[in-house]
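S.K.: Coordinates in protein-v1.cif, mmCIF, C-alpha atoms, are listed below.
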data_protein
loop_
_atom_site.label_atom_id
_atom_site.label_comp_id
_atom_site.auth_asym_id
_atom_site.auth_seq_id
_atom_site.Cartn_x
_atom_site.Cartn_y
_atom_site.Cartn_z
CA MET A 1 82.26 -55.74 -120.79
CA ARG A 2 84.46 -58.51 -119.48
CA ASP A 3 84.75 -60.08 -122.93
CA ALA A 4 85.75 -56.73 -124.41
CA LEU A 5 88.44 -56.32 -121.74
CA LEU A 6 89.81 -59.79 -122.47
CA ILE A 7 89.88 -59.04 -126.19
CA LEU A 8 91.73 -55.77 -125.50
CA LEU A 9 94.30 -57.50 -123.29
CA ALA A 10 94.78 -60.24 -125.88
CA GLY A 11 95.32 -57.61 -128.58
CA LEU A 12 97.87 -55.77 -126.46
CA ALA A 13 99.70 -59.03 -125.72
CA ALA A 14 99.75 -59.92 -129.42
CA ALA A 15 101.05 -56.45 -130.31
CA ALA A 16 103.77 -56.69 -127.67
CA ALA A 17 104.78 -60.13 -128.92
CA GLY A 18 104.83 -58.86 -132.49
CA LEU A 19 107.03 -55.91 -131.56
CA TRP A 20 109.37 -58.21 -129.63
CA ALA A 21 109.67 -60.56 -132.62
CA TRP A 22 110.14 -57.65 -135.03
CA ARG A 23 112.88 -56.18 -132.84
CA HIS A 24 114.81 -59.44 -132.70
CA LEU A 25 114.27 -60.60 -136.27
CA HIS A 26 114.97 -57.34 -138.10
CA TYR A 27 116.28 -54.75 -135.69
CA ARG A 28 117.21 -52.18 -138.30
CA SER A 29 113.67 -51.69 -139.62
CA TYR A 30 112.28 -51.83 -136.06
CA TRP A 31 114.69 -49.14 -134.99
CA LEU A 32 113.78 -46.82 -137.85
CA ALA A 33 110.02 -47.34 -137.55
CA VAL A 34 109.50 -47.62 -133.79
CA GLY A 35 112.64 -47.27 -131.70
CA PHE A 36 114.05 -44.05 -133.12
CA PRO A 37 110.79 -42.02 -133.13
CA LEU A 38 110.25 -42.87 -129.45
CA MET A 39 113.86 -42.03 -128.68
CA ALA A 40 113.65 -38.72 -130.58
CA VAL A 41 110.59 -37.68 -128.56
CA THR A 42 112.39 -38.63 -125.35
CA ILE A 43 115.46 -36.59 -126.30
CA TRP A 44 113.43 -33.50 -127.08
CA ALA A 45 111.24 -33.84 -123.99
CA THR A 46 114.15 -34.29 -121.59
CA TRP A 47 116.80 -32.04 -123.13
CA ARG A 48 116.30 -29.15 -120.70
CA LYS A 49 116.52 -31.38 -117.63
CA VAL A 50 119.43 -33.38 -119.04
CA ALA A 51 121.38 -30.26 -120.01
CA LEU A 52 120.78 -28.77 -116.56
CA GLY A 53 121.87 -31.97 -114.81
CA CYS A 54 125.01 -32.28 -116.94
CA GLY A 55 126.05 -28.66 -116.37
CA LEU A 56 125.51 -27.56 -119.98
CA THR A 57 123.14 -24.65 -119.26
CA LYS A 58 123.96 -20.99 -118.69
CA LYS A 59 122.36 -18.42 -116.39
CA ARG A 60 120.90 -15.54 -118.34
CA GLN A 61 118.97 -12.49 -117.25
CA ARG A 62 115.49 -12.27 -118.75
CA TRP A 63 112.65 -9.78 -118.43
CA TRP A 64 109.78 -11.68 -116.88
CA PHE A 65 106.17 -10.50 -116.58
CA THR A 66 105.07 -11.19 -112.98
CA THR A 67 102.27 -10.33 -110.57
CA VAL A 68 103.21 -9.28 -107.04
CA PRO A 69 100.89 -8.54 -104.11
CA SER A 70 100.69 -4.91 -103.00
CA ALA A 71 99.29 -3.37 -99.83
CA ILE A 72 95.98 -4.59 -98.40
CA ALA A 73 93.31 -1.92 -98.37
CA SER A 74 90.82 -1.36 -95.58
CA THR A 75 88.22 -3.16 -97.58
CA GLY A 76 90.26 -6.32 -97.24
CA LEU A 77 90.81 -6.56 -100.96
CA VAL A 78 94.31 -7.24 -102.31
CA LYS A 79 95.49 -4.66 -104.78
CA VAL A 80 97.57 -6.34 -107.47
CA ARG A 81 99.89 -4.45 -109.75
CA ARG A 82 101.64 -5.96 -112.76
CA ARG A 83 105.23 -5.21 -113.65
CA PHE A 84 108.29 -6.54 -115.47
CA GLN A 85 111.23 -7.99 -113.51
CA ARG A 86 114.69 -9.23 -114.49
CA VAL A 87 115.11 -12.83 -113.35
CA ALA A 88 117.90 -15.43 -113.81
CA VAL A 89 116.86 -18.24 -116.13
CA ASP A 90 118.73 -21.47 -116.95
CA THR A 91 119.10 -21.45 -120.74
CA LYS A 92 119.70 -24.75 -122.53
CA PRO A 93 121.72 -25.03 -125.78
CA PHE A 94 119.63 -25.11 -128.92
CA MET A 95 119.23 -28.63 -130.29
CA ARG A 96 118.32 -29.54 -133.85
CA LEU A 97 116.19 -32.50 -134.82
CA PRO A 98 117.84 -35.87 -134.06
CA LEU A 99 118.73 -38.04 -137.07
CA PRO A 100 118.86 -41.86 -137.06
CA THR A 101 122.08 -43.78 -137.68
CA ARG A 102 122.78 -47.48 -138.10
CA HIS A 103 123.47 -48.07 -134.43
CA GLY A 104 121.71 -45.11 -132.80
CA TRP A 105 121.23 -41.45 -133.54
CA ARG A 106 123.06 -38.15 -133.82
CA VAL A 107 122.02 -34.60 -133.14
CA THR A 108 123.64 -31.20 -133.63
CA VAL A 109 123.74 -28.78 -130.71
CA HIS A 110 124.50 -25.05 -130.89
CA THR A 111 126.94 -24.24 -128.11
CA LEU A 112 126.29 -21.37 -125.73
CA GLU A 113 128.70 -18.50 -125.19
CA GLY A 114 131.90 -19.63 -123.50
CA GLN A 115 131.36 -23.32 -124.24
CA ILE A 116 133.79 -25.56 -126.12
CA PRO A 117 133.44 -29.17 -127.37
CA ALA A 118 135.49 -30.38 -124.39
CA ASP A 119 132.63 -29.34 -122.09
CA TYR A 120 130.34 -31.75 -123.89
CA ALA A 121 133.00 -34.48 -124.05
CA GLN A 122 133.36 -34.34 -120.28
CA ALA A 123 129.59 -34.74 -119.94
CA ALA A 124 129.37 -37.58 -122.50
CA GLU A 125 129.07 -40.35 -119.91
CA ARG A 126 126.38 -38.41 -118.02
CA LEU A 127 124.48 -37.90 -121.26
CA ALA A 128 124.64 -41.64 -122.04
CA HIS A 129 123.27 -42.57 -118.62
CA SER A 130 120.58 -39.88 -118.79
CA TRP A 131 119.24 -41.18 -122.10
CA GLY A 132 119.87 -44.87 -121.39
CA VAL A 133 122.18 -45.50 -124.36
CA HIS A 134 125.45 -47.41 -124.61
CA ALA A 135 127.72 -44.44 -125.33
CA VAL A 136 127.73 -40.86 -126.55
CA ARG A 137 130.63 -39.51 -128.60
CA VAL A 138 131.25 -35.81 -129.21
CA SER A 139 132.64 -34.16 -132.33
CA SER A 140 132.74 -30.61 -133.62
CA PRO A 141 132.42 -30.10 -137.38
CA ARG A 142 132.85 -26.32 -137.05
CA SER A 143 132.97 -23.56 -134.48
CA GLY A 144 129.83 -23.18 -132.41
CA ARG A 145 128.46 -26.62 -133.31
CA VAL A 146 128.76 -29.91 -131.47
CA VAL A 147 127.49 -33.24 -132.78
CA LEU A 148 126.36 -35.81 -130.20
CA ALA A 149 126.50 -39.32 -131.71
CA ALA A 150 124.87 -42.00 -129.57
CA THR A 151 125.04 -45.77 -129.94
CA VAL A 152 122.04 -47.54 -128.46
CA ARG A 153 123.84 -50.86 -128.08
CA ASP A 154 127.47 -51.92 -128.36
CA PRO A 155 128.29 -52.72 -132.03
CA LEU A 156 131.52 -54.45 -130.96
CA VAL A 157 129.78 -57.40 -129.34
CA ARG A 158 129.49 -59.19 -132.68
CA LEU A 159 131.52 -58.52 -135.82
CA ASP A 160 130.00 -59.18 -139.21
CA HIS A 161 131.82 -59.77 -142.48
CA LEU A 162 134.36 -57.09 -143.36
CA PRO A 163 134.48 -55.92 -146.98
CA ALA A 164 137.76 -56.06 -148.85
CA SER A 165 139.48 -52.77 -149.52
CA GLY A 166 140.09 -51.81 -153.11
CA GLU A 167 142.85 -49.29 -152.39
CA LEU A 168 146.55 -50.08 -152.15
CA LEU A 169 147.93 -50.26 -148.58
CA THR A 170 144.45 -49.82 -147.11
CA VAL A 171 142.92 -52.57 -144.96
CA HIS A 172 139.55 -52.86 -143.22
CA VAL A 173 140.53 -54.62 -140.00
CA GLY A 174 137.38 -54.31 -137.87
CA ARG A 175 134.65 -52.02 -136.62
CA LEU A 176 134.63 -48.81 -134.62
CA GLU A 177 132.23 -48.28 -131.76
CA THR A 178 130.23 -46.00 -134.06
CA GLY A 179 129.56 -48.95 -136.36
CA ALA A 180 131.85 -47.57 -139.07
CA LEU A 181 134.68 -49.61 -140.55
CA TRP A 182 138.01 -49.56 -138.75
CA THR A 183 140.50 -48.87 -141.53
CA ILE A 184 144.28 -48.81 -141.42
CA ASP A 185 145.65 -46.74 -144.30
CA PHE A 186 149.45 -46.85 -144.48
CA ARG A 187 149.53 -44.13 -147.14
CA THR A 188 147.91 -41.72 -144.67
CA VAL A 189 149.39 -43.00 -141.39
CA PRO A 190 152.61 -44.83 -142.30
CA HIS A 191 153.81 -46.22 -138.96
CA TRP A 192 151.82 -47.81 -136.13
CA ILE A 193 152.35 -48.94 -132.54
CA ASN A 194 150.10 -51.74 -131.30
CA ALA A 195 150.30 -52.46 -127.55
CA GLY A 196 148.44 -55.00 -125.47
CA ALA A 197 148.78 -57.73 -122.88
CA THR A 198 148.75 -61.45 -123.63
CA GLN A 199 145.42 -62.62 -125.08
CA SER A 200 144.29 -59.04 -125.61
CA GLY A 201 143.86 -59.34 -129.38
CA LYS A 202 147.14 -58.16 -130.91
CA SER A 203 147.43 -61.33 -132.97
CA ASN A 204 143.86 -60.92 -134.25
CA LEU A 205 144.80 -57.53 -135.60
CA ALA A 206 147.95 -58.91 -137.25
CA ASN A 207 145.78 -61.62 -138.83
CA ALA A 208 143.42 -58.98 -140.20
CA LEU A 209 146.33 -57.01 -141.66
CA LEU A 210 147.75 -60.07 -143.38
CA VAL A 211 144.37 -61.06 -144.82
CA GLY A 212 143.90 -57.53 -146.18
CA LEU A 213 147.42 -57.04 -147.53
CA ALA A 214 147.98 -60.54 -148.94
CA PRO A 215 146.10 -59.95 -152.24
CA GLN A 216 147.74 -56.55 -152.76
CA PRO A 217 150.98 -55.91 -154.70
CA VAL A 218 153.11 -55.31 -151.60
CA ALA A 219 156.07 -57.05 -149.98
CA LEU A 220 155.43 -58.28 -146.43
CA VAL A 221 158.34 -58.66 -144.01
CA GLY A 222 158.12 -60.19 -140.54
CA ILE A 223 160.20 -59.74 -137.40
CA ASP A 224 158.90 -62.30 -134.92
CA LEU A 225 160.98 -62.39 -131.75
CA LYS A 226 158.77 -65.02 -130.18
CA GLY A 227 160.85 -67.63 -131.95
CA GLY A 228 158.78 -67.36 -135.10
CA VAL A 229 155.68 -69.04 -133.67
CA GLU A 230 153.41 -66.13 -134.67
CA PHE A 231 154.50 -65.43 -138.26
CA THR A 232 155.92 -68.77 -139.44
CA PRO A 233 152.44 -70.01 -140.51
CA TYR A 234 152.30 -66.96 -142.79
CA ALA A 235 155.72 -67.62 -144.35
CA PRO A 236 154.31 -68.39 -147.85
CA ARG A 237 153.30 -64.72 -148.15
CA LEU A 238 156.34 -63.23 -146.36
CA SER A 239 159.32 -62.15 -148.43
CA ALA A 240 161.58 -62.29 -145.36
CA LEU A 241 161.19 -63.44 -141.75
CA ALA A 242 163.54 -62.82 -138.82
CA THR A 243 163.03 -64.87 -135.67
CA THR A 244 166.03 -63.79 -133.58
CA ARG A 245 167.63 -60.45 -132.80
CA ALA A 246 170.70 -61.36 -134.88
CA GLU A 247 168.47 -62.05 -137.89
CA SER A 248 166.57 -58.83 -137.15
CA VAL A 249 169.82 -56.84 -137.37
CA THR A 250 170.53 -58.28 -140.83
CA LEU A 251 166.96 -57.64 -141.99
CA LEU A 252 166.96 -54.06 -140.71
CA ASP A 253 170.30 -53.42 -142.40
CA ASP A 254 168.73 -54.62 -145.65
CA LEU A 255 165.81 -52.23 -145.12
CA VAL A 256 168.14 -49.28 -144.49
CA ALA A 257 170.15 -50.14 -147.61
CA LEU A 258 166.91 -50.49 -149.59
CA MET A 259 165.81 -47.10 -148.35
CA VAL A 260 169.12 -45.52 -149.40
CA ASP A 261 168.83 -47.08 -152.87
CA ARG A 262 165.33 -45.72 -153.29
CA MET A 263 166.57 -42.29 -152.21
CA GLY A 264 169.01 -42.35 -155.11
CA LEU A 265 166.31 -43.58 -157.47
CA CYS A 266 163.99 -40.72 -156.53
CA ARG A 267 166.82 -38.19 -156.75
CA THR A 268 167.72 -39.39 -160.24
CA ALA A 269 164.11 -39.18 -161.39
CA GLY A 270 163.50 -35.81 -159.70
CA ALA A 271 160.78 -37.24 -157.48
CA ARG A 272 160.13 -36.52 -153.79
CA ASN A 273 158.83 -40.03 -153.09
CA ILE A 274 158.24 -43.30 -154.89
CA TRP A 275 154.62 -42.38 -155.63
CA GLN A 276 155.84 -39.66 -158.02
CA LEU A 277 157.82 -42.21 -160.03
CA PRO A 278 156.42 -43.67 -163.27
CA PRO A 279 154.41 -46.86 -162.63
CA GLY A 280 156.88 -48.90 -164.65
CA VAL A 281 159.77 -48.22 -162.27
CA ARG A 282 157.93 -47.63 -159.02
CA PRO A 283 159.27 -50.12 -156.47
CA LEU A 284 157.00 -52.34 -154.42
CA PRO A 285 155.87 -50.98 -151.06
CA VAL A 286 157.22 -52.90 -148.07
CA VAL A 287 155.20 -53.43 -144.88
CA VAL A 288 157.25 -54.56 -141.88
CA LEU A 289 155.32 -56.45 -139.18
CA VAL A 290 157.15 -56.53 -135.83
CA ASP A 291 155.99 -58.77 -132.99
CA GLU A 292 157.34 -58.53 -129.40
CA LEU A 293 158.97 -55.14 -129.94
CA ALA A 294 160.45 -55.08 -126.43
CA GLU A 295 162.72 -58.04 -127.27
CA LEU A 296 164.67 -55.76 -129.61
CA TYR A 297 165.63 -53.57 -126.64
CA LEU A 298 166.01 -55.98 -123.72
CA MET A 299 169.62 -56.58 -122.68
CA ALA A 300 170.68 -59.67 -120.71
CA ASP A 301 174.31 -58.54 -120.32
CA LYS A 302 176.63 -55.81 -121.56
CA SER A 303 177.80 -57.91 -124.50
CA GLU A 304 174.44 -57.23 -126.18
CA LYS A 305 174.69 -53.47 -125.81
CA ASP A 306 176.20 -52.79 -129.23
CA GLU A 307 173.73 -55.10 -130.96
CA ILE A 308 170.77 -53.40 -129.28
CA ALA A 309 172.10 -49.95 -130.17
CA HIS A 310 172.56 -51.02 -133.80
CA THR A 311 169.06 -52.48 -133.98
CA SER A 312 167.48 -49.44 -132.33
CA THR A 313 169.24 -47.02 -134.69
CA ALA A 314 168.30 -48.98 -137.81
CA LEU A 315 164.64 -49.27 -136.79
CA LEU A 316 164.49 -45.58 -135.95
CA ARG A 317 166.00 -44.62 -139.33
CA VAL A 318 163.35 -46.67 -141.11
CA ALA A 319 160.63 -44.96 -139.08
CA GLN A 320 162.03 -41.49 -139.76
CA LEU A 321 162.69 -41.81 -143.49
CA GLY A 322 160.81 -44.86 -144.72
CA ARG A 323 157.43 -43.30 -145.54
CA ALA A 324 158.61 -41.44 -148.65
CA PHE A 325 160.30 -44.57 -149.97
CA GLY A 326 157.47 -47.01 -149.44
CA ILE A 327 158.59 -48.72 -146.21
CA TYR A 328 155.98 -48.91 -143.44
CA LEU A 329 156.11 -50.22 -139.88
CA PHE A 330 153.53 -51.98 -137.73
CA CYS A 331 155.12 -52.67 -134.32
CA SER A 332 153.37 -54.79 -131.69
CA GLY A 333 154.36 -55.54 -128.13
CA GLN A 334 153.10 -56.37 -124.66
CA ARG A 335 155.25 -53.78 -122.95
CA ILE A 336 156.14 -50.37 -124.37
CA GLY A 337 157.68 -48.27 -121.62
CA SER A 338 160.40 -45.72 -121.09
CA ASP A 339 162.36 -48.29 -119.06
CA LEU A 340 163.29 -50.00 -122.34
CA GLY A 341 165.51 -47.06 -123.16
CA PRO A 342 165.47 -43.87 -125.25
CA GLY A 343 165.20 -45.88 -128.47
CA VAL A 344 161.61 -46.86 -127.74
CA THR A 345 160.67 -43.28 -126.87
CA ALA A 346 162.20 -42.00 -130.11
CA LEU A 347 160.44 -44.71 -132.13
CA ARG A 348 157.15 -43.89 -130.47
CA ALA A 349 157.49 -40.26 -131.54
CA GLN A 350 157.72 -41.36 -135.18
CA CYS A 351 154.65 -43.62 -135.04
CA SER A 352 151.54 -41.49 -135.38
CA GLY A 353 149.24 -44.51 -135.49
CA ARG A 354 148.37 -45.69 -131.97
CA ILE A 355 146.44 -48.82 -130.95
CA CYS A 356 146.14 -49.91 -127.33
CA HIS A 357 144.48 -53.19 -126.38
CA ARG A 358 143.96 -54.26 -122.78
CA VAL A 359 147.17 -53.58 -120.83
CA ASN A 360 148.43 -54.67 -117.44
CA ASP A 361 150.16 -51.44 -116.42
CA PRO A 362 149.24 -47.77 -116.83
CA GLU A 363 152.63 -46.77 -118.25
CA THR A 364 152.11 -48.80 -121.42
CA ALA A 365 148.75 -47.09 -121.93
CA THR A 366 150.39 -43.73 -121.26
CA MET A 367 153.26 -44.41 -123.68
CA THR A 368 150.85 -45.57 -126.38
CA LEU A 369 148.06 -43.03 -125.92
CA GLY A 370 149.82 -40.27 -124.00
CA ASP A 371 149.11 -37.58 -126.59
CA LEU A 372 145.37 -38.22 -126.56
CA ASP A 373 142.58 -37.43 -124.15
CA PRO A 374 143.34 -38.90 -120.67
CA ALA A 375 139.95 -40.60 -120.89
CA ALA A 376 141.40 -42.81 -123.64
CA GLN A 377 143.96 -44.20 -121.19
CA VAL A 378 141.23 -44.92 -118.65
CA SER A 379 139.18 -46.71 -121.31
CA ALA A 380 142.20 -48.81 -122.36
CA ARG A 381 142.76 -50.04 -118.81
CA ALA A 382 139.03 -50.76 -118.44
CA ILE A 383 138.79 -53.19 -121.38
CA PRO A 384 137.54 -56.53 -119.96
CA ALA A 385 139.55 -59.68 -120.56
CA GLU A 386 136.55 -61.49 -122.03
CA THR A 387 136.46 -59.18 -125.07
CA PRO A 388 139.68 -59.96 -127.01
CA GLY A 389 140.32 -57.68 -129.94
CA VAL A 390 138.79 -54.57 -128.36
CA ALA A 391 141.22 -51.65 -128.43
CA ILE A 392 141.46 -47.89 -128.18
CA VAL A 393 142.43 -46.46 -131.56
CA ALA A 394 143.79 -43.06 -132.48
CA SER A 395 141.85 -42.46 -135.66
CA GLN A 396 142.93 -40.50 -138.71
CA ASP A 397 140.43 -37.75 -137.86
CA GLY A 398 142.36 -36.87 -134.69
CA GLN A 399 139.89 -38.52 -132.30
CA TRP A 400 139.99 -41.80 -130.39
CA TYR A 401 137.50 -44.63 -130.57
CA ARG A 402 136.85 -48.04 -129.11
CA ALA A 403 137.25 -50.60 -131.87
CA ARG A 404 137.43 -54.33 -132.33
CA SER A 405 139.18 -56.61 -134.77
CA TYR A 406 138.83 -60.36 -134.90
CA VAL A 407 140.23 -62.58 -137.67
CA ALA A 408 141.04 -66.19 -136.86
CA GLU A 409 144.46 -67.72 -137.47
CA HIS A 410 143.15 -70.20 -140.03
CA ALA A 411 141.79 -67.33 -142.16
CA ALA A 412 145.21 -65.64 -142.22
CA GLU A 413 146.96 -68.92 -142.98
CA HIS A 414 144.52 -69.57 -145.84
CA ALA A 415 145.19 -66.08 -147.26
CA ALA A 416 148.96 -66.63 -147.02
CA ARG A 417 148.73 -69.87 -148.98
CA THR A 418 146.20 -68.53 -151.49
CA TYR A 419 148.30 -65.51 -152.44
CA ALA A 420 151.72 -67.10 -152.07
CA HIS A 421 152.29 -66.60 -155.81
CA LEU A 422 152.29 -62.82 -155.21
CA THR A 423 155.21 -63.01 -152.79
CA PRO A 424 158.22 -61.18 -154.26
CA ASP A 425 161.68 -62.60 -153.66
CA TRP A 426 163.53 -60.62 -151.00
CA ALA A 427 166.87 -60.93 -152.77
CA ASP A 428 165.31 -59.44 -155.88
CA ILE A 429 163.79 -56.56 -153.90
CA VAL A 430 167.06 -55.52 -152.23
CA ARG A 431 169.17 -55.92 -155.40
CA PRO A 432 170.76 -52.45 -155.70
CA ASP A 433 170.67 -52.05 -159.48
CA ARG A 434 167.18 -53.42 -160.08
CA ASP A 435 165.21 -50.16 -160.02
CA GLU A 436 168.02 -48.09 -161.54
CA VAL A 437 168.18 -50.40 -164.59
CA ALA A 438 164.40 -50.11 -165.02
CA LEU A 439 164.58 -46.33 -164.76
CA SER A 440 167.39 -46.13 -167.31
CA GLU A 441 165.42 -48.30 -169.74
CA LEU A 442 162.34 -46.12 -169.28
CA LEU A 443 164.23 -42.88 -169.77
CA SER A 444 166.02 -44.19 -172.88
CA ALA A 445 162.71 -45.34 -174.35
#
Can you give me the file's structure in the form of structure tokens?
M.R.:
Amino acid sequence: MRDALLILLAGLAAAAAGLWAWRHLHYRSYWLAVGFPLMAVTIWATWRKVALGCGLTKKRQRWWFTTVPSAIASTGLVKVRRRFQRVAVDTKPFMRLPLPTRHGWRVTVHTLEGQIPADYAQAAERLAHSWGVHAVRVSSPRSGRVVLAATVRDPLVRLDHLPASGELLTVHVGRLETGALWTIDFRTVPHWINAGATQSGKSNLANALLVGLAPQPVALVGIDLKGGVEFTPYAPRLSALATTRAESVTLLDDLVALMVDRMGLCRTAGARNIWQLPPGVRPLPVVVLVDELAELYLMADKSEKDEIAHTSTALLRVAQLGRAFGIYLFCSGQRIGSDLGPGVTALRAQCSGRICHRVNDPETATMTLGDLDPAAQVSARAIPAETPGVAIVASQDGQWYRARSYVAEHAAEHAARTYAHLTPDWADIVRPDRDEVALSELLSA
């Protein structure tokens, strides 16, 4: 008997060690074969209690068959009569079968009467703690349905290799908290604001953009008001670089003139934007990378007032009209607040892409993410300093996600040198008659 017990204990220890090794050596197969089935059973078994604790149930009247004691006869026997009664019952939302995902699971829930997806979003943190997962995100594919997507562990702790994008002006810059790729598509969202404190990861994101855009047929332009220390290493792939506000004024004037020229080109060809032009005459897209945005608006004395006003107006015109003519903005800064003047507020309204890294003050988070769920602002201020590159992102699907991007400086410098031969000359780009001559030759042919 004792030997049998020892053999049983040894077998259980070996099985536990095998499961531990399997989980650490190949987590994906372990999750699909062992982890997810156990989690699915747990979800189904606890859904009523979890829904009740999170306030997702509804009181409904139900007919209930009960037995109630009646009068006691002289014989001492209890006469029992059976009858139906209406009682209040806590009804849970109907849940479909959970489905596994790469980093967790998802399940579709049928909402009860009077419920909206926001009710489930408010309970997302409670749901995550109830099931012991890292996070639960809520989405609604159609009316009356809510999808709960859970991540068992944080996929942003370690970033694996990012695949190259095959589409023009589209860059995979990192990962979302769901495990999906974090993609910046300038054709869909043309202008972006990227806010964050020092060492929060703004430069990592700029590195990722340069690595993704360098092999593409686009012109890259830099405005680096930190004296050029950020973008100068990438100069081989930059068609133009401004390192002072005076140089920025000249560069922005060139962009406004380029935009006006492309307006005339599209008008002559009967096109609404450059993407409707024939490929032979379609001008190169231009992506403008701005670092230290606040420096464009800070005024040391009144003598700089006219220069700041000129810069603000030119940048705003590019943001308002540049999308149709292939000019896109990616503006980064530590501080983006209303105290910088109305120019920043107007620019913010034109930038539908929002990225907020760790910030030091709530106003920057509010200015960057003010149109989103207030929980996004709380999450932005809660990003720990030891996780550079983590940010709150306003995605193209109208929701916000935690995301992370990390590309080292040497990788961006290597990409800039490798694809330096693709760098178009800025003087050739802004030459007024260049595209008109090409269009005339195409039309005559």
S.K.: Quick one, how far is CA of Ala319 in chain A from CA of Pro342 in chain A?
M.R.: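 Distance between the two atoms: 14.7 Å.
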S.K.: To one decimal in Å, tell me the separation between CA of Arg317 in chain A and CA of Ala300 in chain A.
M.R.: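 These two atoms are separated by 24.4 Å.
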S.K.: Rank A:Pro283, A:Gly343, A:Gly264, A:Gly179 by their smallest atom-to-atom distance to Tyr401 in chain A, using only C-alpha atoms, and report the top residue only.
M.R.: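 Ranked by minimum distance to Tyr401 in chain A, first place goes to A:Gly179.
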S.K.: Arg145 in chain A: which residues within 7 Å, counting all atoms listed in the file, same-chain residues fewer than 2 positions away excluded, as a PyMOL selection string?
M.R.: chain A and resi 108-111+140-143+147
S.K.: Expanded to explicit residues, what is the PyMOL selection byres ((chain A and resi 250-260) around 9) for this file, as a PyMOL selection string?
M.R.: chain A and resi 221+223+240-242+245-249+261-265+311+314-315+317-318+321-322+325-327+429-432
S.K.: Just write the chosen residues, C-alpha atoms, as a PDB file, keeping the file's coordinate frame.
M.R.:
ATOM      1  CA  VAL A 221     158.340 -58.660-144.010  1.00  0.00           C
ATOM      2  CA  ILE A 223     160.200 -59.740-137.400  1.00  0.00           C
ATOM      3  CA  ALA A 240     161.580 -62.290-145.360  1.00  0.00           C
ATOM      4  CA  LEU A 241     161.190 -63.440-141.750  1.00  0.00           C
ATOM      5  CA  ALA A 242     163.540 -62.820-138.820  1.00  0.00           C
ATOM      6  CA  ARG A 245     167.630 -60.450-132.800  1.00  0.00           C
ATOM      7  CA  ALA A 246     170.700 -61.360-134.880  1.00  0.00           C
ATOM      8  CA  GLU A 247     168.470 -62.050-137.890  1.00  0.00           C
ATOM      9  CA  SER A 248     166.570 -58.830-137.150  1.00  0.00           C
ATOM     10  CA  VAL A 249     169.820 -56.840-137.370  1.00  0.00           C
ATOM     11  CA  ASP A 261     168.830 -47.080-152.870  1.00  0.00           C
ATOM     12  CA  ARG A 262     165.330 -45.720-153.290  1.00  0.00           C
ATOM     13  CA  MET A 263     166.570 -42.290-152.210  1.00  0.00           C
ATOM     14  CA  GLY A 264     169.010 -42.350-155.110  1.00  0.00           C
ATOM     15  CA  LEU A 265     166.310 -43.580-157.470  1.00  0.00           C
ATOM     16  CA  THR A 311     169.060 -52.480-133.980  1.00  0.00           C
ATOM     17  CA  ALA A 314     168.300 -48.980-137.810  1.00  0.00           C
ATOM     18  CA  LEU A 315     164.640 -49.270-136.790  1.00  0.00           C
ATOM     19  CA  ARG A 317     166.000 -44.620-139.330  1.00  0.00           C
ATOM     20  CA  VAL A 318     163.350 -46.670-141.110  1.00  0.00           C
ATOM     21  CA  LEU A 321     162.690 -41.810-143.490  1.00  0.00           C
ATOM     22  CA  GLY A 322     160.810 -44.860-144.720  1.00  0.00           C
ATOM     23  CA  PHE A 325     160.300 -44.570-149.970  1.00  0.00           C
ATOM     24  CA  GLY A 326     157.470 -47.010-149.440  1.00  0.00           C
ATOM     25  CA  ILE A 327     158.590 -48.720-146.210  1.00  0.00           C
ATOM     26  CA  ILE A 429     163.790 -56.560-153.900  1.00  0.00           C
ATOM     27  CA  VAL A 430     167.060 -55.520-152.230  1.00  0.00           C
ATOM     28  CA  ARG A 431     169.170 -55.920-155.400  1.00  0.00           C
ATOM     29  CA  PRO A 432     170.760 -52.450-155.700  1.00  0.00           C
TER      30      PRO A 432
END
S.K.: Quick one, how far is CA of Ala415 in chain A from CA of Leu169 in chain A?
M.R.: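 That distance, rounded to one decimal, is 16.1 Å.
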S.K.: Once you count all atoms listed in the file, which residues end up no further than 12 Å from (129.1, -57.0, -136.7) in the file's frame, shown as a PyMOL selection string?
M.R.: chain A and resi 102-103+153-163+174-182+403-406
S.K.: Near Glu113 in chain A, within 12 Å and counting all atoms listed in the file, which residues show up once chain neighbours fewer than 5 positions away are dropped, as a PyMOL selection string?
M.R.: chain A and resi 56-60+91-94+119+143-145
S.K.: Ranking A:Ala380, A:Ala271, A:Val288, A:Ala365 by minimum distance to Phe231 in chain A and counting all atoms listed in the file, which one comes first?
M.R.: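 Of A:Ala380, A:Ala271, A:Val288, A:Ala365, the one nearest Phe231 in chain A, counting all atoms listed in the file, is A:Val288.
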S.K.: For Pro384 in chain A, work out the shell of residues within 12 Å, counting all atoms listed in the file and skipping chain neighbours fewer than 5 positions away, then give it as a list in words.
M.R.: Ala197, Gln199, Ser200, Gly201, His357, Arg358, Val359, Asn360, Ser379, Gly389, Val390 and Ala391 of chain A
S.K.: Evaluate the PyMOL selection byres ((chain A and resi 121) around 10) here and jot the selected residues down as a PyMOL selection string.
M.R.: chain A and resi 116-120+122-127+136-139+146+148+375
S.K.: Tell me which residues the PyMOL selection byres ((chain A and resi 355) around 9) grabs here, as a list in words.
M.R.: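 Expected selection for the PyMOL selection byres ((chain A and resi 355) around 9) here is Trp192, Ile193, Asn194, Ala195, Gly196, Gly353, Arg354, Cys356, His357, Thr368, Leu369, Ala391, Ile392, Val393 and Ala394 of chain A.
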S.K.: Quick one: of A:Val407, A:Pro190, A:Gln276, A:Ala206, who's nearest to Gln350 in chain A, counting all atoms listed in the file?
M.R.: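 So, comparing all the options, the nearest one is A:Pro190.
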